[in-house]
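S.K.: Below is final_6.cif; it holds mmCIF, C-alpha atoms.
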data_coords
loop_
_atom_site.label_atom_id
_atom_site.label_comp_id
_atom_site.auth_asym_id
_atom_site.auth_seq_id
_atom_site.Cartn_x
_atom_site.Cartn_y
_atom_site.Cartn_z
CA ILE A 25 -13.91 -17.57 3.96
CA ALA A 26 -15.23 -14.06 4.66
CA LYS A 27 -18.41 -12.84 3.01
CA PHE A 28 -17.48 -10.81 -0.04
CA PRO A 29 -19.50 -9.58 -3.02
CA MET A 30 -19.64 -11.82 -6.05
CA PHE A 31 -17.54 -9.26 -7.93
CA THR A 32 -14.59 -7.77 -6.05
CA VAL A 33 -12.34 -4.87 -7.04
CA ALA A 34 -8.92 -4.04 -5.60
CA VAL A 35 -6.84 -0.91 -6.17
CA SER A 36 -3.52 -2.74 -6.55
CA GLU A 37 -1.91 -6.15 -6.87
CA THR A 38 -0.81 -5.89 -3.25
CA THR A 39 -4.39 -5.34 -2.09
CA ARG A 40 -5.62 -8.13 -4.35
CA ASP A 41 -3.05 -10.55 -2.96
CA GLY A 42 -4.10 -9.65 0.57
CA LEU A 43 -7.75 -10.35 -0.26
CA THR A 44 -7.16 -13.62 -2.08
CA GLY A 45 -6.99 -15.66 1.10
CA LEU A 46 -10.36 -14.26 2.16
CA THR A 47 -12.26 -14.49 -1.11
CA GLY A 48 -11.29 -18.02 -2.04
CA ASP A 49 -11.17 -18.73 -5.76
CA ARG A 50 -13.09 -15.64 -6.84
CA ASP A 51 -11.49 -13.40 -9.43
CA ILE A 52 -10.47 -9.98 -8.17
CA THR A 53 -10.26 -7.18 -10.71
CA ILE A 54 -7.68 -4.45 -10.26
CA ILE A 55 -8.87 -0.90 -10.89
CA PRO A 56 -6.40 1.60 -9.43
CA ASN A 57 -7.05 5.01 -7.99
CA GLY A 58 -6.50 7.99 -10.25
CA ILE A 59 -5.38 11.60 -10.45
CA SER A 60 -6.13 14.68 -12.50
CA SER A 61 -2.92 16.06 -13.96
CA ALA A 62 -4.78 19.18 -15.06
CA GLU A 63 -5.75 19.97 -11.47
CA ILE A 64 -2.23 19.24 -10.22
CA ASP A 65 -0.66 21.33 -12.99
CA SER A 66 -2.87 24.28 -12.07
CA VAL A 67 -1.36 24.56 -8.57
CA GLU A 68 1.51 27.00 -8.17
CA PRO A 69 4.68 25.87 -6.33
CA SER A 70 4.98 26.98 -2.73
CA GLU A 71 7.49 29.56 -1.59
CA VAL A 72 8.38 27.04 1.13
CA LYS A 73 11.30 25.06 -0.31
CA SER A 74 12.55 21.68 0.88
CA ASP A 75 14.95 18.98 -0.22
CA LEU A 76 12.92 16.03 1.08
CA ILE A 77 9.22 15.65 1.68
CA PHE A 78 6.97 13.02 3.24
CA VAL A 79 3.17 13.03 3.11
CA GLY A 80 1.09 10.59 5.12
CA ARG A 81 -0.46 9.66 8.42
CA LEU A 82 2.09 9.52 11.22
CA ILE A 83 1.68 5.91 12.30
CA ARG A 84 4.30 3.24 12.97
CA GLU A 85 3.83 1.49 9.62
CA LYS A 86 4.94 4.61 7.75
CA HIS A 87 8.36 4.42 9.47
CA VAL A 88 9.05 8.14 9.55
CA ASP A 89 11.44 7.29 12.39
CA VAL A 90 13.69 5.61 9.83
CA LEU A 91 13.52 8.74 7.67
CA ILE A 92 14.55 10.86 10.66
CA ASP A 93 17.51 8.58 11.35
CA ALA A 94 18.47 8.78 7.67
CA ILE A 95 18.43 12.58 7.76
CA ALA A 96 20.75 12.48 10.77
CA LEU A 97 23.19 10.47 8.66
CA ILE A 98 22.89 12.81 5.67
CA LYS A 99 23.23 16.17 7.39
CA ASP A 100 27.02 16.13 7.63
CA ARG A 101 27.30 15.96 3.86
CA PHE A 102 24.27 18.16 3.24
CA PRO A 103 24.42 20.63 6.17
CA ASP A 104 21.48 22.67 4.85
CA ILE A 105 19.18 19.73 4.13
CA ARG A 106 15.54 20.35 4.93
CA CYS A 107 12.69 17.85 5.15
CA LEU A 108 8.98 18.61 5.32
CA ILE A 109 6.87 16.00 7.12
CA ILE A 110 3.25 16.62 6.18
CA GLY A 111 0.58 14.80 8.15
CA ASP A 112 -0.54 14.02 11.64
CA GLY A 113 -1.18 10.97 13.78
CA PRO A 114 -0.44 9.16 17.03
CA GLU A 115 3.32 8.99 16.40
CA ARG A 116 3.86 12.71 15.87
CA ARG A 117 5.06 13.49 19.39
CA ASN A 118 7.47 10.54 19.40
CA LEU A 119 8.82 11.57 16.02
CA GLU A 120 9.37 15.16 17.10
CA LEU A 121 11.27 13.89 20.14
CA ARG A 122 13.32 11.59 17.94
CA ALA A 123 14.26 14.47 15.67
CA ARG A 124 15.43 16.40 18.72
CA GLU A 125 17.43 13.44 20.01
CA ARG A 126 19.10 13.00 16.62
CA GLY A 127 20.01 16.69 16.51
CA ILE A 128 18.05 17.49 13.38
CA VAL A 129 15.30 19.79 14.66
CA GLU A 130 16.51 22.53 12.34
CA HIS A 131 16.41 20.10 9.41
CA THR A 132 12.85 18.79 9.88
CA VAL A 133 9.53 20.62 9.80
CA PHE A 134 6.37 18.92 11.04
CA THR A 135 3.56 20.79 9.34
CA GLY A 136 0.60 18.82 10.65
CA PHE A 137 -2.39 17.94 8.48
CA PHE A 138 -3.34 20.18 5.54
CA HIS A 139 -7.07 20.41 4.84
CA SER A 140 -6.49 21.60 1.29
CA SER A 141 -4.93 19.16 -1.17
CA ASP A 142 -3.62 22.16 -3.11
CA ASP A 143 -1.45 23.05 -0.11
CA VAL A 144 0.11 19.59 -0.28
CA ILE A 145 0.63 19.75 -4.04
CA SER A 146 2.26 23.18 -3.80
CA ARG A 147 4.77 21.85 -1.25
CA LEU A 148 5.48 18.81 -3.39
CA LYS A 149 6.29 21.06 -6.31
CA SER A 150 8.77 22.98 -4.18
CA SER A 151 10.65 19.91 -3.02
CA ARG A 152 13.28 17.72 -4.65
CA VAL A 153 12.70 14.13 -3.47
CA PHE A 154 9.65 12.34 -2.07
CA VAL A 155 10.62 9.83 0.63
CA PHE A 156 8.07 7.19 1.61
CA PRO A 157 9.39 4.37 3.86
CA SER A 158 5.98 2.75 4.38
CA THR A 159 5.57 -1.01 4.83
CA ARG A 160 1.77 -1.08 4.70
CA GLU A 161 0.36 0.63 1.66
CA GLY A 162 -2.66 -0.57 -0.29
CA PHE A 163 -2.04 1.88 -3.12
CA GLY A 164 0.00 4.99 -2.30
CA ILE A 165 -1.87 8.00 -3.72
CA SER A 166 0.66 10.43 -2.23
CA VAL A 167 3.42 8.72 -4.19
CA LEU A 168 1.42 9.05 -7.39
CA GLU A 169 0.80 12.74 -6.69
CA ALA A 170 4.51 13.25 -6.06
CA LEU A 171 5.33 11.69 -9.43
CA ALA A 172 2.72 13.91 -11.08
CA CYS A 173 4.63 16.88 -9.63
CA GLY A 174 7.85 15.57 -11.18
CA LEU A 175 9.43 14.30 -7.97
CA PRO A 176 11.54 11.13 -7.92
CA VAL A 177 10.52 8.74 -5.15
CA VAL A 178 12.56 6.82 -2.60
CA THR A 179 10.48 4.06 -1.01
CA VAL A 180 11.08 0.67 0.58
CA ASP A 181 11.03 -2.74 -1.03
CA HIS A 182 8.46 -4.48 1.14
CA PRO A 183 5.78 -7.03 0.10
CA LYS A 184 2.99 -4.97 1.68
CA ASN A 185 4.06 -1.68 0.13
CA ALA A 186 1.98 -1.30 -3.03
CA SER A 187 3.52 2.08 -3.82
CA LYS A 188 6.82 0.45 -4.79
CA ALA A 189 5.16 -0.44 -8.11
CA PHE A 190 5.37 3.23 -9.09
CA VAL A 191 9.14 3.32 -8.68
CA SER A 192 10.03 2.00 -12.08
CA ASP A 193 11.06 3.34 -15.45
CA GLY A 194 13.54 5.70 -13.82
CA CYS A 195 11.06 7.31 -11.42
CA GLY A 196 13.07 6.71 -8.26
CA VAL A 197 14.76 4.01 -6.22
CA MET A 198 13.97 1.45 -3.56
CA SER A 199 15.65 0.91 -0.23
CA THR A 200 15.54 -1.64 2.54
CA LEU A 201 13.93 -0.55 5.80
CA ASP A 202 17.27 0.53 7.16
CA ALA A 203 18.40 4.09 7.90
CA VAL A 204 21.87 3.58 6.44
CA ASP A 205 20.51 2.20 3.18
CA LEU A 206 17.72 4.79 3.04
CA SER A 207 20.22 7.62 3.54
CA ALA A 208 22.43 6.23 0.77
CA GLN A 209 19.51 6.02 -1.67
CA ILE A 210 18.34 9.54 -0.82
CA GLN A 211 21.83 10.92 -1.35
CA ALA A 212 22.09 9.12 -4.68
CA VAL A 213 18.92 10.82 -5.91
CA LEU A 214 19.96 14.22 -4.53
CA ASP A 215 23.24 13.89 -6.43
CA GLU A 216 21.34 13.63 -9.72
CA LYS A 217 20.80 17.39 -9.78
CA GLY A 218 20.71 17.69 -13.56
CA SER A 219 18.41 14.76 -14.15
CA ASP A 220 15.27 15.08 -16.22
CA TRP A 221 12.45 13.80 -14.05
CA SER A 222 9.78 14.31 -16.72
CA ARG A 223 9.43 10.53 -16.87
CA CYS A 224 7.92 10.75 -13.37
CA ARG A 225 5.10 12.83 -14.80
CA MET A 226 4.73 10.41 -17.70
CA LYS A 227 4.38 7.53 -15.27
CA ALA A 228 1.71 9.39 -13.30
CA ARG A 229 -0.28 10.14 -16.45
CA GLU A 230 -0.97 6.43 -16.83
CA TYR A 231 -3.35 6.92 -13.90
CA GLU A 232 -5.37 9.80 -15.33
CA TRP A 233 -9.01 9.61 -14.29
CA GLU A 234 -10.00 9.29 -17.94
CA ASN A 235 -8.08 6.03 -18.15
CA ILE A 236 -9.41 4.78 -14.82
CA THR A 237 -13.04 5.53 -15.69
CA ASP A 238 -12.59 3.58 -18.92
CA LEU A 239 -11.47 0.60 -16.85
CA GLU A 240 -14.46 1.01 -14.54
CA GLU A 241 -16.94 1.26 -17.39
CA ASN A 242 -15.52 -1.82 -19.09
CA TYR A 243 -15.62 -3.70 -15.80
CA TYR A 244 -19.27 -2.90 -15.11
CA ARG A 245 -20.20 -3.81 -18.68
CA ARG A 246 -18.60 -7.23 -18.16
CA VAL A 247 -20.43 -7.65 -14.85
CA HIS A 248 -23.71 -6.66 -16.51
CA ASP A 249 -23.17 -9.04 -19.42
CA ARG A 250 -22.28 -11.85 -17.01
CA ASP A 251 -25.47 -11.25 -15.06
CA LEU A 252 -27.51 -11.46 -18.25
CA ASP A 253 -25.79 -14.72 -19.23
CA GLN A 254 -26.45 -16.21 -15.82
CA GLY A 255 -30.03 -14.95 -15.76
#
Can the structure in the file be given as structure tokens, please?
M.R.:
Amino acid sequence: IAKFPMFTVAVSETTRDGLTGLTGDRDITIIPNGISSAEIDSVEPSEVKSDLIFVGRLIREKHVDVLIDAIALIKDRFPDIRCLIIGDGPERRNLELRARERGIVEHTVFTGFFHSSDDVISRLKSSRVFVFPSTREGFGISVLEALACGLPVVTVDHPKNASKAFVSDGCGVMSTLDAVDLSAQIQAVLDEKGSDWSRCRMKAREYEWENITDLEENYYRRVHDRDLDQG
């Protein structure tokens, strides 16, 4: 058993489950990360439009290669499809080469890392679908921000992908980690042009910082009361 504090907090059930084998029988409280809808709402949409958007570090576990392969399958039906890939990392060069090999250079834009979160939010607001094929996600703040911008999410159904918990109540769909399936799910969401995605924003509002700070305050009160009882 690893050395952990007496009281342990995890940001998601997925993270909690991963810690359980290390903490033994100790209870782990879940207190998720949060967002400020007011701050997100204050950002104007970008003039840079896109159909699909990904935000995250470009590492193997994010599986942007599968997204690139999916775009190659979609482009015949959607010849003008455009995907923004926001982020940087060790896989960027390989991914750029893969996009070239798949013949979709004109359909994909690698923006690199944005230092301002407002720049990310503005691009999210000017896109149509957030695609996130990650298989190692402890929470998935970028998914939550996408929902707060009103974007439906396509992600993968994987036991280590905590962000799949957000894709419920009509906020998006899940795919297997397969380019054919991912392309089919993306196309299904793109076809819902007249859909009202306000429920995505409603889902995100469950994670307002006001709600999260209430959870934190209640948690620390319980810890304090427990210490007094034990003292």
S.K.: So the first atom is atom CA of A:Leu97 and the second is atom CA of A:Ile145; what is the distance between them in Å, to one decimal place?
M.R.: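 Atom CA of A:Ile145 lies 27.5 Å from atom CA of A:Leu97.
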S.K.: For atom CA of A:Ser151 and atom CA of A:Met226, determine how far apart the two atoms are, in Å to one decimal place.
M.R.: 18.5 Å
S.K.: What separation in Å, quoted to one decimal, exists between atom CA of A:Leu175 and atom CA of A:Phe78?
M.R.: 11.5 Å
S.K.: Can you pull out the residues contacting A:Ser146? Cut-off 9 Å, using all atoms listed in the file, and skip same-chain residues under 5 positions away; I want them as an MDAnalysis selection string.
M.R.: chainID A and resid 64 67:72 141 173
S.K.: Please list as a PDB file with C-alpha atoms, in the coordinates of the input every residue within 12 Å of A:Asp104, counting all atoms listed in the file and excluding residues in the same chain fewer than 6 positions away.
M.R.:
ATOM      1  CA  LYS A  73      11.300  25.060  -0.310  1.00  0.00           C
ATOM      2  CA  SER A  74      12.550  21.680   0.880  1.00  0.00           C
ATOM      3  CA  ASP A  75      14.950  18.980  -0.220  1.00  0.00           C
ATOM      4  CA  LEU A  76      12.920  16.030   1.080  1.00  0.00           C
ATOM      5  CA  ILE A  95      18.430  12.580   7.760  1.00  0.00           C
ATOM      6  CA  ALA A  96      20.750  12.480  10.770  1.00  0.00           C
ATOM      7  CA  ILE A  98      22.890  12.810   5.670  1.00  0.00           C
ATOM      8  CA  ILE A 128      18.050  17.490  13.380  1.00  0.00           C
ATOM      9  CA  VAL A 129      15.300  19.790  14.660  1.00  0.00           C
ATOM     10  CA  GLU A 130      16.510  22.530  12.340  1.00  0.00           C
ATOM     11  CA  HIS A 131      16.410  20.100   9.410  1.00  0.00           C
ATOM     12  CA  THR A 132      12.850  18.790   9.880  1.00  0.00           C
TER      13      THR A 132
END
S.K.: Report as a ChimeraX atom specification all protein, DNA and RNA residues lying within 10 Å of stretch 113-115 of chain A, evaluated on only C-alpha atoms, omitting residues in the same chain fewer than 3 positions from it.
M.R.: /A:80-84,86-89,118-120,136-137
S.K.: With a distance cut-off of 9 Å and only C-alpha atoms, select the neighbouring residues of stretch 236-247 of chain A, excluding the residue or stretch itself and same-chain residues fewer than 4 positions from it, and output the selection as a short mmCIF file (atom, residue, chain, number, x, y, z; two decimals) with C-alpha atoms, in the coordinates of the input.
M.R.:
data_model
loop_
_atom_site.label_atom_id
_atom_site.label_comp_id
_atom_site.auth_asym_id
_atom_site.auth_seq_id
_atom_site.Cartn_x
_atom_site.Cartn_y
_atom_site.Cartn_z
CA PHE A 31 -17.54 -9.26 -7.93
CA THR A 53 -10.26 -7.18 -10.71
CA ILE A 55 -8.87 -0.90 -10.89
CA PRO A 56 -6.40 1.60 -9.43
CA ASN A 57 -7.05 5.01 -7.99
CA GLY A 58 -6.50 7.99 -10.25
CA GLU A 230 -0.97 6.43 -16.83
CA TYR A 231 -3.35 6.92 -13.90
CA GLU A 232 -5.37 9.80 -15.33
CA ASP A 251 -25.47 -11.25 -15.06
CA LEU A 252 -27.51 -11.46 -18.25
#
S.K.: May I ask which of the residues A:Ser199, A:Thr159, A:Ser166, A:Asn185 is the closest one to A:Ala228, counting only C-alpha atoms?
M.R.: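 Closest to A:Ala228 of all the choices is A:Ser166.
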S.K.: Given the file shown, determine the residues that the PyMOL selection byres ((chain A and resi 187) around 12) selects; report them as a PyMOL selection string.
M.R.: chain A and resi 35-39+56-57+86+155-171+177-186+188-192+195-198
S.K.: A:Ser66, A:Asp215, A:Arg122, A:Gln209: which is nearest A:Asp142, counting all atoms listed in the file?
M.R.: A:Ser66
S.K.: Translate the PyMOL selection byres ((chain A and resi 214) around 10), as applied to the file shown, into an explicit residue set as a PyMOL selection string.
M.R.: chain A and resi 75-76+102+152-153+176+208-213+215-219
S.K.: Give me the residues near A:Val79 as an MDAnalysis selection string, where near means some atom within 7 Å (using only C-alpha atoms) and where sequence neighbours in that chain fewer than 3 positions away do not count.
M.R.: chainID A and resid 109:111 166
S.K.: Using only C-alpha atoms, can you tell me which of A:Ser207, A:Ser150, A:Thr200, A:Ser222 comes closest to A:Gly174?
M.R.: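 Nearest to A:Gly174: A:Ser222.
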S.K.: Can you put N, CA and C atoms back into stretch 190-214 of chain A and show it as a compact mmCIF listing (two decimals), keeping the file's coordinate frame?
M.R.:
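Contents of rebuild_18.txt, freshly written:
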# COMPACT_ATOMS: atom_id res chain seq x y z
N PHE A 190 5.21 1.98 -8.35
CA PHE A 190 5.37 3.23 -9.09
C PHE A 190 6.83 3.55 -9.37
N VAL A 191 7.72 2.99 -8.56
CA VAL A 191 9.14 3.32 -8.68
C VAL A 191 9.77 2.42 -9.73
N SER A 192 9.48 2.75 -10.95
CA SER A 192 10.03 2.00 -12.08
C SER A 192 10.22 2.97 -13.23
N ASP A 193 10.84 2.50 -14.27
CA ASP A 193 11.06 3.34 -15.45
C ASP A 193 11.80 4.63 -15.11
N GLY A 194 12.73 4.54 -14.15
CA GLY A 194 13.54 5.70 -13.82
C GLY A 194 12.84 6.75 -13.00
N CYS A 195 11.84 6.35 -12.22
CA CYS A 195 11.06 7.31 -11.42
C CYS A 195 11.53 7.37 -9.97
N GLY A 196 12.58 6.70 -9.64
CA GLY A 196 13.07 6.71 -8.26
C GLY A 196 13.82 5.44 -7.94
N VAL A 197 14.00 5.18 -6.65
CA VAL A 197 14.76 4.01 -6.22
C VAL A 197 14.09 3.38 -5.00
N MET A 198 14.46 2.14 -4.73
CA MET A 198 13.97 1.45 -3.56
C MET A 198 15.10 1.19 -2.58
N SER A 199 14.71 1.13 -1.32
CA SER A 199 15.65 0.91 -0.23
C SER A 199 15.12 -0.22 0.65
N THR A 200 16.01 -0.77 1.46
CA THR A 200 15.54 -1.64 2.54
C THR A 200 15.06 -0.74 3.68
N LEU A 201 14.39 -1.33 4.65
CA LEU A 201 13.93 -0.55 5.80
C LEU A 201 15.08 -0.42 6.80
N ASP A 202 16.06 0.35 6.39
CA ASP A 202 17.27 0.53 7.16
C ASP A 202 17.75 1.96 6.94
N ALA A 203 18.05 2.68 8.02
CA ALA A 203 18.40 4.09 7.90
C ALA A 203 19.65 4.32 7.08
N VAL A 204 20.62 3.42 7.20
CA VAL A 204 21.87 3.58 6.44
C VAL A 204 21.60 3.44 4.95
N ASP A 205 20.84 2.41 4.59
CA ASP A 205 20.51 2.20 3.18
C ASP A 205 19.62 3.33 2.66
N LEU A 206 18.63 3.72 3.46
CA LEU A 206 17.72 4.79 3.04
C LEU A 206 18.49 6.08 2.81
N SER A 207 19.43 6.40 3.71
CA SER A 207 20.22 7.62 3.54
C SER A 207 21.06 7.56 2.27
N ALA A 208 21.60 6.39 1.98
CA ALA A 208 22.43 6.23 0.77
C ALA A 208 21.59 6.43 -0.49
N GLN A 209 20.37 5.89 -0.49
CA GLN A 209 19.51 6.02 -1.67
C GLN A 209 19.05 7.47 -1.84
N ILE A 210 18.74 8.13 -0.75
CA ILE A 210 18.34 9.54 -0.82
C ILE A 210 19.48 10.38 -1.39
N GLN A 211 20.68 10.15 -0.87
CA GLN A 211 21.83 10.92 -1.35
C GLN A 211 22.09 10.67 -2.83
N ALA A 212 21.88 9.43 -3.27
CA ALA A 212 22.09 9.12 -4.68
C ALA A 212 21.14 9.91 -5.57
N VAL A 213 19.90 10.05 -5.12
CA VAL A 213 18.92 10.82 -5.91
C VAL A 213 19.23 12.31 -5.84
N LEU A 214 19.60 12.80 -4.66
CA LEU A 214 19.96 14.22 -4.53
C LEU A 214 21.15 14.58 -5.41
